[in-house]
Amino acid sequence: MSYDVTGATLRIMTHIPPPAVELQLLDAELHQLDARRAQLLHRRAWLLTALQSAWSAPVPPPLPAAPARREATAPGVQNLLLVLGGILLALAATAFTLVSWGNMGITGRALVLGAVTLAALGAPVALLRRGLRSTAESIAGIGLVLTVLDTYALHEVAFPDGDGVSFAAAASAVLAVVWTAYGIGTAALPRPAVSRTTAPASQTLLLPLPAALAVAQLPLFLWAIAAGGGPRTITAAVLLTAVIDMVVALRVTPKAVRAVAAGGAFGMEGWGVLAAGLISLDAAGPGAAARAAALFALAAAGAFGAAWLASGRGLRTSTAAAGGLFVVAALGGLLRAALPADWTVPGYLACGIALLALVRGRLPEPVRHGLGRASGIVQASAVLWTLPAVGVTLLGPATWLSRAWSGAPGDAREAAATDTFWPAHATTTPLILIAVAAVLALTVRAAEWRPRALTVALTLTWAAVLTLPTALQLPYNVGLLVHGGTVLALLVLRHRMATTLALVTSLGLACLALAAEPATLSVLASLTAVFAAAAWRGRLAPASAAASLGYATALACAVGASLDWQPQHIALLVLLVPLTAALLAARITAPATTKAVEITGAAAALIAIDLATAELPLLALVLALCGVIVAGTAIRPERRSLGYVAAALFVLAGWVRLGTWNVTDPEAYTLPVTVPALFVGALRRRRDPSATSWTAYGPGLTVTLAPSLLAAWTDPHWTRPLLLGTAALAVTLLGARHRLQAPLVLGGTTLALDALHELAPYLAQVVGALPRWAPPALAGLLLLALGATYEQRIRDARRVREVLGRMN
């Protein structure tokens, strides 16, 4: 920053300030010059340091360019090229064989194919000695393809009219042997000499042995077809091939061979088992069933052989389970051919249960575990087969809800399957369920599973008992007795699951009983008494008590309908249930049972109210009676809050009664609410002086003042506004007398709005008589007056706020 001395001198000469001011100016200029000089010296020192560092440090060489990232490895490129080359050569050889074969004589054909094949098979030997295994694999693949082409050429030349299937079977067997010998022979070659720094390369070809095993899947299958064998012979050939694959998979060492053998074993086994199952299902007699069983026996032999020879525990268990299922399929097929159709599933189930005898034998533990798993699968499948029949038995009776008292059906099956079909061959459903339940109850011994097994066994036994009348087409009354006896037996057990099943059974029994009037009345009365007795003992009293009251409600409706009462009259009979519930709840000590009883009673009261809506006078009576019941319940200390519900019911009853009398004045509806509300508020203020007036009196005053004010604004007469204004004035004076905020504010607001409504016509006349300039002038005068007395108004407002704040 520079200092202009000449300019300063001229300024001083033009206008000479006082000495003190001039001294200050000079000091300020000198301070700025010192600051600028220090800044420049600091910058100069930094530049010198930077230049010295640059002169002494060597110049770094330029960074080399980053090498391009390689997207493929050398072995990968090599293998890709070899595979593509092998594919192209194989395609070329195929085209030569199929297209150009006819242009050469027999000698030329033999010489060309023989030479090319020998070269393709011999080249890998030399390549392996040099350590070029990947190239040898590619050339060997070409050689294997050429051998296939050689067999095709041989058939076209030597056996043009022979059986193609037989030739294919023989050729596939020869190729499997040749390729196996070729793979074993290459593995026996001496290892190539390698340097110490070079890793020894394997000279074993990976392709011939897996390829030989893949071709070996065909001979037995093709020979069975060539021999004219039927489905059984072909299936046996497939299963035998699967057994051979299994042995190879468990005994050979190379991973590639084991993988191909395992895939062949599973694939052929699955194909063979599926075919054997279809053959067994189509068997028309014992002889055909026996031949199908022999196929399953062959499959089971392979599975059990794998279970004995395998090393892994999981594999041994799985194969043993498969073998057990094959045994069940074989024996069950024999029983199926000898028994009626209804006994097919029980026959298979019996064979599955019989497997459990082997589980307790001296077999290896994985095998025993697998057999147990197979037995469980058979039992679970049998239970799943029974589900349609069980579903019809449990859900079918619900259709009687829409056709109550239309007449008793002929038998239990007709009662359950009125609008649906009964599953075919389901007569033995109860036997299947009870057999599986017995197995679970008798065989499961493990402590952690024992309770679950018993619960499942109980459920299956329950389903068996319920389906017995429908399955055997027992009489309708017998079906009702069976359901009722089941309910009693389950309640005697005093078990949570048993009680749940008893409730489900009772619902089905009640629906079944709707078919006839006597059955409905007797069943509902019995269920009410039975569950009432069960509610007095045991820890499951809440559910039993609720069920008893629910069936009592249904019984009341049924009795009223039996007496030809109208729904509104039946509502009075239904009210006996909530009355009974209120009386019982006062004596029951268990909280859970008390709550269940009260909830069920409330539900019954709602049903009564719904029934009474057909006639308003009776609806008012029902609401009043419900209010009496709730008020009686509210006497108990822990149910004091129900007093509000009772008051609401009484108010609703009064409103309904007023509606029947065609009363339209709102005060008739609001005053019955206001008076009790103000009385309750006064009691609360007496007991709790800290309660505000808004809490004690606000709701009661609002209920009357607000509807009356709305009615007064639309009332053309003077009576209602006068009475409302008088009442609002009285409320305001009482609020001011007792210094209560809620009456003062609500009454004053209502009085002001009521007065505004009454003076509105006159104000309109005055405004219409004034000239147009008068309202703005009046507004201006008002603003001037307010501005002149602003402070006094603020002081008055604060005083009013303090007065209201001291009120309650």
# chains A, B, ... in the order shown; residues from 1 in each chain; ligands from 1
>>> residues_around(residues="A:Leu658", least_positions_apart="6", cutoff="12 Å", atoms="only C-alpha atoms", output="count of residues only")
14
>>> residues_around(residues="A:Gly735", least_positions_apart="3", cutoff="10 Å", atoms="only C-alpha atoms", output="ChimeraX atom specification")
/A:693,729-732,738-748,807-808
>>> write_last_selection(atoms="N, CA and C atoms", output="PDB file, in the first residue's frame")
ATOM      1  N   SER A 693     -63.004 -26.733  35.963  1.00  0.00           N
ATOM      2  CA  SER A 693     -64.415 -26.623  35.587  1.00  0.00           C
ATOM      3  C   SER A 693     -64.655 -27.145  34.179  1.00  0.00           C
ATOM      4  N   LEU A 729     -77.577 -16.699  30.267  1.00  0.00           N
ATOM      5  CA  LEU A 729     -77.298 -15.649  31.240  1.00  0.00           C
ATOM      6  C   LEU A 729     -77.151 -16.231  32.638  1.00  0.00           C
ATOM      7  N   ALA A 730     -78.022 -17.203  32.953  1.00  0.00           N
ATOM      8  CA  ALA A 730     -77.912 -17.822  34.267  1.00  0.00           C
ATOM      9  C   ALA A 730     -76.596 -18.568  34.418  1.00  0.00           C
ATOM     10  N   VAL A 731     -76.187 -19.284  33.391  1.00  0.00           N
ATOM     11  CA  VAL A 731     -74.909 -20.009  33.442  1.00  0.00           C
ATOM     12  C   VAL A 731     -73.758 -19.031  33.583  1.00  0.00           C
ATOM     13  N   THR A 732     -73.823 -17.903  32.862  1.00  0.00           N
ATOM     14  CA  THR A 732     -72.743 -16.912  32.941  1.00  0.00           C
ATOM     15  C   THR A 732     -72.663 -16.308  34.341  1.00  0.00           C
ATOM     16  N   HIS A 738     -69.198 -18.053  41.121  1.00  0.00           N
ATOM     17  CA  HIS A 738     -68.295 -19.047  41.692  1.00  0.00           C
ATOM     18  C   HIS A 738     -66.901 -19.010  41.072  1.00  0.00           C
ATOM     19  N   ARG A 739     -66.711 -18.033  40.185  1.00  0.00           N
ATOM     20  CA  ARG A 739     -65.404 -17.840  39.542  1.00  0.00           C
ATOM     21  C   ARG A 739     -64.939 -19.134  38.850  1.00  0.00           C
ATOM     22  N   LEU A 740     -65.827 -19.655  38.003  1.00  0.00           N
ATOM     23  CA  LEU A 740     -65.551 -20.867  37.228  1.00  0.00           C
ATOM     24  C   LEU A 740     -65.419 -20.480  35.755  1.00  0.00           C
ATOM     25  N   GLN A 741     -64.344 -20.913  35.134  1.00  0.00           N
ATOM     26  CA  GLN A 741     -64.033 -20.470  33.779  1.00  0.00           C
ATOM     27  C   GLN A 741     -64.968 -21.070  32.742  1.00  0.00           C
ATOM     28  N   ALA A 742     -65.227 -22.388  32.824  1.00  0.00           N
ATOM     29  CA  ALA A 742     -66.024 -23.040  31.804  1.00  0.00           C
ATOM     30  C   ALA A 742     -67.441 -22.475  31.718  1.00  0.00           C
ATOM     31  N   PRO A 743     -68.223 -22.364  32.824  1.00  0.00           N
ATOM     32  CA  PRO A 743     -69.562 -21.772  32.704  1.00  0.00           C
ATOM     33  C   PRO A 743     -69.519 -20.328  32.227  1.00  0.00           C
ATOM     34  N   LEU A 744     -68.511 -19.562  32.698  1.00  0.00           N
ATOM     35  CA  LEU A 744     -68.434 -18.158  32.305  1.00  0.00           C
ATOM     36  C   LEU A 744     -68.195 -18.020  30.804  1.00  0.00           C
ATOM     37  N   VAL A 745     -67.230 -18.792  30.267  1.00  0.00           N
ATOM     38  CA  VAL A 745     -66.903 -18.666  28.843  1.00  0.00           C
ATOM     39  C   VAL A 745     -68.020 -19.252  27.971  1.00  0.00           C
ATOM     40  N   LEU A 746     -68.485 -20.466  28.290  1.00  0.00           N
ATOM     41  CA  LEU A 746     -69.517 -21.092  27.469  1.00  0.00           C
ATOM     42  C   LEU A 746     -70.832 -20.318  27.530  1.00  0.00           C
ATOM     43  N   GLY A 747     -71.243 -19.921  28.757  1.00  0.00           N
ATOM     44  CA  GLY A 747     -72.486 -19.160  28.878  1.00  0.00           C
ATOM     45  C   GLY A 747     -72.393 -17.809  28.210  1.00  0.00           C
ATOM     46  N   GLY A 748     -71.270 -17.103  28.404  1.00  0.00           N
ATOM     47  CA  GLY A 748     -71.116 -15.790  27.788  1.00  0.00           C
ATOM     48  C   GLY A 748     -71.082 -15.877  26.275  1.00  0.00           C
ATOM     49  N   MET A 807     -59.581 -18.262  37.813  1.00  0.00           N
ATOM     50  CA  MET A 807     -60.773 -19.111  37.874  1.00  0.00           C
ATOM     51  C   MET A 807     -60.400 -20.554  37.545  1.00  0.00           C
ATOM     52  N   ASN A 808     -61.277 -21.487  37.916  1.00  0.00           N
ATOM     53  CA  ASN A 808     -61.103 -22.910  37.631  1.00  0.00           C
ATOM     54  C   ASN A 808     -61.958 -23.332  36.442  1.00  0.00           C
TER      55      ASN A 808
END
>>> residues_around(residues="A:Thr428", least_positions_apart="3", cutoff="8 Å", atoms="only C-alpha atoms", output="JSON, numbers by chain")
{"A": [342, 343, 346, 425, 431, 432, 471]}
>>> residues_around(residues="A:Cys626", least_positions_apart="3", cutoff="10 Å", atoms="only C-alpha atoms", output="PDB file with C-alpha atoms, in the first residue's frame")
ATOM      1  CA  LEU A 575     -81.004 -60.520  27.466  1.00  0.00           C
ATOM      2  CA  PRO A 578     -75.854 -60.896  29.638  1.00  0.00           C
ATOM      3  CA  LEU A 579     -77.787 -60.718  32.916  1.00  0.00           C
ATOM      4  CA  ALA A 602     -71.447 -58.083  25.930  1.00  0.00           C
ATOM      5  CA  ALA A 605     -76.208 -57.955  24.477  1.00  0.00           C
ATOM      6  CA  LEU A 606     -75.179 -56.706  21.035  1.00  0.00           C
ATOM      7  CA  ALA A 608     -80.160 -58.645  21.483  1.00  0.00           C
ATOM      8  CA  ILE A 609     -79.861 -55.014  20.383  1.00  0.00           C
ATOM      9  CA  ALA A 620     -85.572 -48.539  23.651  1.00  0.00           C
ATOM     10  CA  LEU A 621     -86.570 -51.107  26.244  1.00  0.00           C
ATOM     11  CA  VAL A 622     -83.665 -53.398  25.344  1.00  0.00           C
ATOM     12  CA  LEU A 623     -81.207 -50.511  25.520  1.00  0.00           C
ATOM     13  CA  ILE A 629     -77.184 -54.581  33.575  1.00  0.00           C
ATOM     14  CA  VAL A 630     -74.113 -52.452  32.901  1.00  0.00           C
ATOM     15  CA  ALA A 631     -74.948 -50.135  35.789  1.00  0.00           C
ATOM     16  CA  GLY A 632     -75.161 -53.121  38.081  1.00  0.00           C
ATOM     17  CA  VAL A 645     -71.320 -47.002  29.264  1.00  0.00           C
ATOM     18  CA  ALA A 646     -74.450 -47.400  31.360  1.00  0.00           C
ATOM     19  CA  LEU A 649     -77.112 -46.785  27.072  1.00  0.00           C
ATOM     20  CA  PHE A 650     -79.740 -44.939  29.123  1.00  0.00           C
ATOM     21  CA  ALA A 653     -82.750 -45.622  25.189  1.00  0.00           C
TER      22      ALA A 653
END
>>> residues_around(residues="A:Trp405", least_positions_apart="6", cutoff="8 Å", atoms="only C-alpha atoms", output="ChimeraX atom specification")
/A:514-517
>>> write_last_selection(atoms="all heavy atoms", output="PDB file, in the first residue's frame")
ATOM      1  N   LEU A 514     -78.757 -78.302  13.423  1.00  0.00           N
ATOM      2  CA  LEU A 514     -79.679 -77.350  12.803  1.00  0.00           C
ATOM      3  C   LEU A 514     -80.596 -77.994  11.780  1.00  0.00           C
ATOM      4  O   LEU A 514     -81.542 -77.367  11.317  1.00  0.00           O
ATOM      5  CB  LEU A 514     -78.880 -76.223  12.133  1.00  0.00           C
ATOM      6  CG  LEU A 514     -78.138 -75.262  13.059  1.00  0.00           C
ATOM      7  CD1 LEU A 514     -77.309 -74.281  12.250  1.00  0.00           C
ATOM      8  CD2 LEU A 514     -79.112 -74.522  13.954  1.00  0.00           C
ATOM      9  N   ALA A 515     -80.322 -79.229  11.429  1.00  0.00           N
ATOM     10  CA  ALA A 515     -81.169 -79.879  10.438  1.00  0.00           C
ATOM     11  C   ALA A 515     -82.584 -80.096  10.953  1.00  0.00           C
ATOM     12  O   ALA A 515     -83.548 -80.047  10.179  1.00  0.00           O
ATOM     13  CB  ALA A 515     -80.543 -81.217  10.020  1.00  0.00           C
ATOM     14  N   ALA A 516     -82.746 -80.324  12.252  1.00  0.00           N
ATOM     15  CA  ALA A 516     -84.074 -80.606  12.815  1.00  0.00           C
ATOM     16  C   ALA A 516     -84.261 -79.778  14.082  1.00  0.00           C
ATOM     17  O   ALA A 516     -83.316 -79.552  14.854  1.00  0.00           O
ATOM     18  CB  ALA A 516     -84.234 -82.096  13.124  1.00  0.00           C
ATOM     19  N   GLU A 517     -85.499 -79.334  14.318  1.00  0.00           N
ATOM     20  CA  GLU A 517     -85.776 -78.480  15.479  1.00  0.00           C
ATOM     21  C   GLU A 517     -85.534 -79.194  16.801  1.00  0.00           C
ATOM     22  O   GLU A 517     -84.868 -78.633  17.690  1.00  0.00           O
ATOM     23  CB  GLU A 517     -87.219 -77.980  15.396  1.00  0.00           C
ATOM     24  CG  GLU A 517     -87.622 -77.100  16.575  1.00  0.00           C
ATOM     25  CD  GLU A 517     -89.063 -76.612  16.462  1.00  0.00           C
ATOM     26  OE1 GLU A 517     -89.633 -76.738  15.354  1.00  0.00           O
ATOM     27  OE2 GLU A 517     -89.603 -76.126  17.464  1.00  0.00           O
TER      28      GLU A 517
END
>>> residues_around(residues="stretch 368-384 of chain A", least_positions_apart="4", cutoff="9 Å", atoms="only C-alpha atoms", output="PyMOL selection string")
chain A and resi 316-325+328+345-346+348-349+351-356+358-364+388+429+432-433+436+460
>>> closest_residue(among="A:Ala677, A:Glu365, A:Leu733, A:Ala502", to="A:Arg313", atoms="only C-alpha atoms")
A:Glu365
>>> closest_residue(among="A:Gln32, A:Thr553, A:Thr486, A:Thr241", to="A:Leu573", atoms="only C-alpha atoms")
A:Thr553
>>> atom_distance(atom1="atom CA of A:Ala237", atom2="atom CA of A:Leu206")
27.8 Å
>>> atom_distance(atom1="atom CA of A:Thr520", atom2="atom CA of A:Pro397")
13.1 Å
>>> select_by_dssp(residues="stretch 296-519 of chain A", states="alpha helix (DSSP H)", output="PyMOL selection string")
chain A and resi 296-309+313-338+344-359+365-395+412-416+429-443+450-472+476-493+496-513+517-519
>>> atom_distance(atom1="atom CA of A:Arg251", atom2="atom CA of A:Ala168")
27.9 Å
